[in-house]
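Asker: So that we are looking at the same thing, I have put the structure below in structure tokens.
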Amino acid sequence: MSKLRLLLPALALGMISTDAFAYSATEEQRDSLMANHKYIFFGDGSNPQSDSIRTLVENFYYDQFRHFQDPDAPYFLFMSRDANLAMGVGGTVRMRGYFDWGGSVNSPGFTPAIIPVSHDPLHQRLLGTTPAGTALFFRVIGRNKKFGTFQLYIEANFNGYSSRDFHLKKAYAMFNDWTVGYASSTFGDAAAVPPVLDAGGANMKMDATAVLVRWMHTFNNRYVVAASVETPSMNIQEDGTTTAARSQYLPNVAAFAQYQWSKDEHVRLAGIVRSLPYRDMLNGKNHTLTGWGLQLSTVFHPAYKWTVYGTVNGGYSYSNFGGDMLLGRYDLVADPKTPGRLRTTPGFGYNLGLQYNFTPSLFVSTSFGQGRSLPSGEAVGTDYKYGFLSSTNIFWNPVPRVQMGAEFSFGKRQDFNGEHGYARRIGAMIAFSF
């Protein structure tokens, strides 16, 4: 809890406007990317003015749900001469290499939940490579007299089987304040997640994707509110004999309220409610439990070269949306005192990150995150109790569309029976965007 006390003041700092440092090194890097495009105009008339072009292209970069590892806007953009429509096909070729020692994680994603808690002489070290994160996407952005502002977006990447299978990551349409499709959950805040090179990302990040319908509106360029209904999914500790999962028939409901003082600085409070049905096979009864989560997050620039990231979340059975417990069956867990009954899982997590830019194209960052399970009853000794992960990295963009990086990560898993394990990883990455 001492670390949590240190985190809360940092989150509170995000509520203070820092207009003196409104322009940051990260924004300067984004501006250099926005200037690095090749435009192909179509339609009749003369080419649009630069201000109209910039207004439309900004929509490729300023996104409430954009993650650090998401691909940049495409180099080639097709644009109408009235600047009412822009479209592009782009992608990222990303290659990672990693080496584990002192305990290895047999996965491209370095995650505390899968760190072995017992010594295994067969897996003391590991060398691996992965193209995970290589992606292709298509985006259309435009303005229409009937529909207003609209966007269409499709993204697929190679994070599937053996990190090589091509699978859909996002597919959605936006019309003014409405989003319909397969998109990031409203409960998440990708912009507040610190930059991490590893495929596993920062610990306890809420980054689920679901088919949803979302309404999101901005008031006076300062206040943003959003609400959505999302397709549910769950992973529970059923055994098929005493307990069994039932079909989910109610959507998840998520919402957030946000205050922002620039396009990439804000503080946000988000929440989600879930319905978790199961059947008690011993007594022949159906039960429906309720899971919920709250998250407070922020990202801000206290000075031109500095960026602060902070997230804290907690609740009951909300882990399906990211973090360590996503890898286990922790939505509902067995009650060891009452066979046939399941219960929700209380827990909390946090992540704090700090970034320093030597130049707009060269920065270092460090982050620390922890997830903790807090069962109300007696826990199974081998169940996950808590895990933490720290990452320190450096990123360099020698040219606007090439990024290189290196990272050191250290993690720990602790079980309720006192057993624990550590793991260490160094990684390197190079990515090309087009």
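If you're wondering about the labels, chains in the structure tokens are A, B, ... by order shown, residues count from 1 in each chain, ligands from 1 in order shown.
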Quick one: pick out all strand (DSSP E) residues within segment 72-294 of chain A from a backbone DSSP run and write them as a PyMOL selection string.
Answerer: chain A and resi 76-80+85-101+126-130+135-144+148-157+167-175+178-184+209-219+223-230+243-245+252-262+265-280+285-294
Asker: Kindly save the residues from that selection, with C-alpha atoms included, as a short mmCIF file (atom, residue, chain, number, x, y, z; two decimals), in the first residue's frame.
Answerer:
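Contents of the output file part-v9.cif:
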```cif
data_model
loop_
_atom_site.label_atom_id
_atom_site.label_comp_id
_atom_site.auth_asym_id
_atom_site.auth_seq_id
_atom_site.Cartn_x
_atom_site.Cartn_y
_atom_site.Cartn_z
CA PHE A 76 0.82 7.70 -48.54
CA LEU A 77 -2.54 9.42 -48.06
CA PHE A 78 -5.23 9.79 -50.69
CA MET A 79 -7.15 13.03 -50.18
CA SER A 80 -10.01 14.75 -51.96
CA LEU A 85 -12.03 12.80 -47.35
CA ALA A 86 -8.71 11.11 -46.61
CA MET A 87 -7.82 7.45 -46.74
CA GLY A 88 -4.70 5.39 -46.45
CA VAL A 89 -3.33 1.88 -46.16
CA GLY A 90 -0.42 1.53 -43.79
CA GLY A 91 1.30 -0.80 -41.41
CA THR A 92 4.26 -1.64 -39.24
CA VAL A 93 6.93 -4.30 -39.62
CA ARG A 94 8.16 -4.99 -36.09
CA MET A 95 10.78 -7.50 -34.99
CA ARG A 96 11.70 -8.22 -31.37
CA GLY A 97 14.45 -10.31 -29.82
CA TYR A 98 14.73 -11.19 -26.13
CA PHE A 99 16.87 -13.11 -23.66
CA ASP A 100 15.70 -14.38 -20.24
CA TRP A 101 17.93 -15.52 -17.41
CA LEU A 126 15.71 -18.53 -23.00
CA LEU A 127 16.53 -16.82 -26.29
CA GLY A 128 13.60 -15.87 -28.50
CA THR A 129 12.49 -13.72 -31.39
CA THR A 130 9.03 -12.70 -32.56
CA ALA A 135 0.36 -5.03 -38.51
CA LEU A 136 -1.59 -3.78 -41.50
CA PHE A 137 -4.45 -1.31 -41.34
CA PHE A 138 -6.83 0.71 -43.48
CA ARG A 139 -8.43 3.97 -42.38
CA VAL A 140 -10.90 6.38 -44.01
CA ILE A 141 -11.62 9.76 -42.41
CA GLY A 142 -14.06 12.25 -43.84
CA ARG A 143 -16.77 14.85 -43.46
CA ASN A 144 -20.22 14.44 -44.96
CA GLY A 148 -21.04 14.65 -40.27
CA THR A 149 -17.54 13.47 -39.35
CA PHE A 150 -16.92 9.77 -39.88
CA GLN A 151 -14.14 7.20 -39.73
CA LEU A 152 -13.76 3.61 -40.89
CA TYR A 153 -10.90 1.55 -39.49
CA ILE A 154 -9.65 -2.04 -39.94
CA GLU A 155 -6.45 -3.41 -38.38
CA ALA A 156 -5.01 -6.91 -38.39
CA ASN A 157 -1.72 -8.13 -36.97
CA HIS A 167 -5.85 -12.11 -37.21
CA LEU A 168 -8.25 -9.22 -36.83
CA LYS A 169 -7.39 -6.73 -34.09
CA LYS A 170 -9.89 -3.89 -34.68
CA ALA A 171 -12.73 -3.14 -37.09
CA TYR A 172 -15.08 -0.25 -36.38
CA ALA A 173 -16.95 2.73 -37.77
CA MET A 174 -17.32 6.15 -36.13
CA PHE A 175 -20.06 8.65 -36.98
CA TRP A 178 -20.91 7.14 -32.08
CA THR A 179 -18.60 4.13 -32.47
CA VAL A 180 -19.89 0.75 -33.64
CA GLY A 181 -17.70 -2.31 -34.13
CA TYR A 182 -14.76 -4.23 -32.73
CA ALA A 183 -12.82 -1.59 -30.78
CA SER A 184 -10.97 -0.87 -27.52
CA THR A 209 -11.13 -5.24 -27.25
CA ALA A 210 -14.80 -6.05 -27.78
CA VAL A 211 -17.68 -5.58 -30.18
CA LEU A 212 -19.41 -2.51 -28.78
CA VAL A 213 -21.64 0.50 -29.32
CA ARG A 214 -20.18 3.62 -27.75
CA TRP A 215 -21.28 7.24 -27.39
CA MET A 216 -18.53 9.73 -26.63
CA HIS A 217 -18.82 13.53 -26.58
CA THR A 218 -16.46 16.42 -25.85
CA PHE A 219 -17.73 19.57 -24.14
CA TYR A 223 -14.60 17.59 -20.76
CA VAL A 224 -15.13 14.18 -22.36
CA VAL A 225 -17.81 11.68 -21.37
CA ALA A 226 -18.41 8.24 -22.85
CA ALA A 227 -20.64 5.22 -22.29
CA SER A 228 -20.88 1.89 -24.09
CA VAL A 229 -22.49 -1.52 -24.15
CA GLU A 230 -20.00 -4.27 -24.96
CA THR A 243 -20.06 -25.98 -11.36
CA ALA A 244 -20.56 -24.97 -14.98
CA ALA A 245 -20.54 -21.71 -16.91
CA ASN A 252 -21.01 -5.25 -20.16
CA VAL A 253 -21.69 -1.58 -19.47
CA ALA A 254 -18.69 0.78 -19.33
CA ALA A 255 -18.34 4.55 -19.00
CA PHE A 256 -15.79 7.26 -18.27
CA ALA A 257 -15.57 10.97 -17.47
CA GLN A 258 -12.44 12.86 -18.43
CA TYR A 259 -10.94 16.31 -17.97
CA GLN A 260 -8.29 17.33 -20.51
CA TRP A 261 -6.21 20.47 -20.87
CA SER A 262 -4.47 19.55 -24.13
CA GLU A 265 -2.95 15.40 -21.34
CA HIS A 266 -5.89 14.34 -19.22
CA VAL A 267 -7.19 12.69 -16.09
CA ARG A 268 -9.94 10.06 -16.42
CA LEU A 269 -12.25 8.09 -14.14
CA ALA A 270 -13.69 4.95 -15.77
CA GLY A 271 -15.96 2.15 -14.61
CA ILE A 272 -17.42 -1.12 -15.83
CA VAL A 273 -20.16 -3.53 -14.69
CA ARG A 274 -20.30 -7.19 -15.75
CA SER A 275 -22.83 -10.02 -15.43
CA LEU A 276 -21.27 -13.42 -14.57
CA PRO A 277 -23.76 -16.35 -14.72
CA TYR A 278 -22.98 -19.93 -13.65
CA ARG A 279 -24.82 -23.07 -12.48
CA ASP A 280 -24.46 -24.94 -9.20
CA LYS A 285 -29.50 -23.86 -9.19
CA ASN A 286 -28.53 -21.00 -11.46
CA HIS A 287 -26.69 -18.00 -10.09
CA THR A 288 -25.66 -14.67 -11.57
CA LEU A 289 -22.96 -12.65 -9.87
CA THR A 290 -21.92 -9.08 -10.65
CA GLY A 291 -18.39 -7.98 -11.39
CA TRP A 292 -17.31 -4.36 -11.47
CA GLY A 293 -14.20 -2.24 -11.79
CA LEU A 294 -13.09 1.36 -11.36
#
```
Asker: Considering only C-alpha atoms, return as a PyMOL selection string whatever protein or nucleic-acid residues lie within 9 Å of Gln49 of chain A, sequence-local ones (same chain, fewer than 4 positions apart) excluded.
Answerer: chain A and resi 53-54+83
Asker: Counting only C-alpha atoms, what are the residues of segment 181-266 of chain A within 12 Å of segment 413-425 of chain A, and for each of them which pair of atoms is the nearest and at what distance in Å, to one decimal? Sort the table by chain and rising number, as a Markdown table.
Answerer:
```
| residue | atom | partner | partner_atom | distance |
| --- | --- | --- | --- | --- |
| A:Leu197 | CA | A:Arg425 | CA | 11.3 |
| A:Asp198 | CA | A:Arg425 | CA | 9.4 |
| A:Gly200 | CA | A:Arg425 | CA | 11.9 |
```
Asker: Neighbours of Val312 of chain A within 6 Å (only C-alpha atoms; same-chain residues fewer than 5 positions away dropped), as a list in words?
Answerer: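 Close residues of Val312 of chain A: Gln295, Leu296, Gly349 and Tyr350 of chain A.
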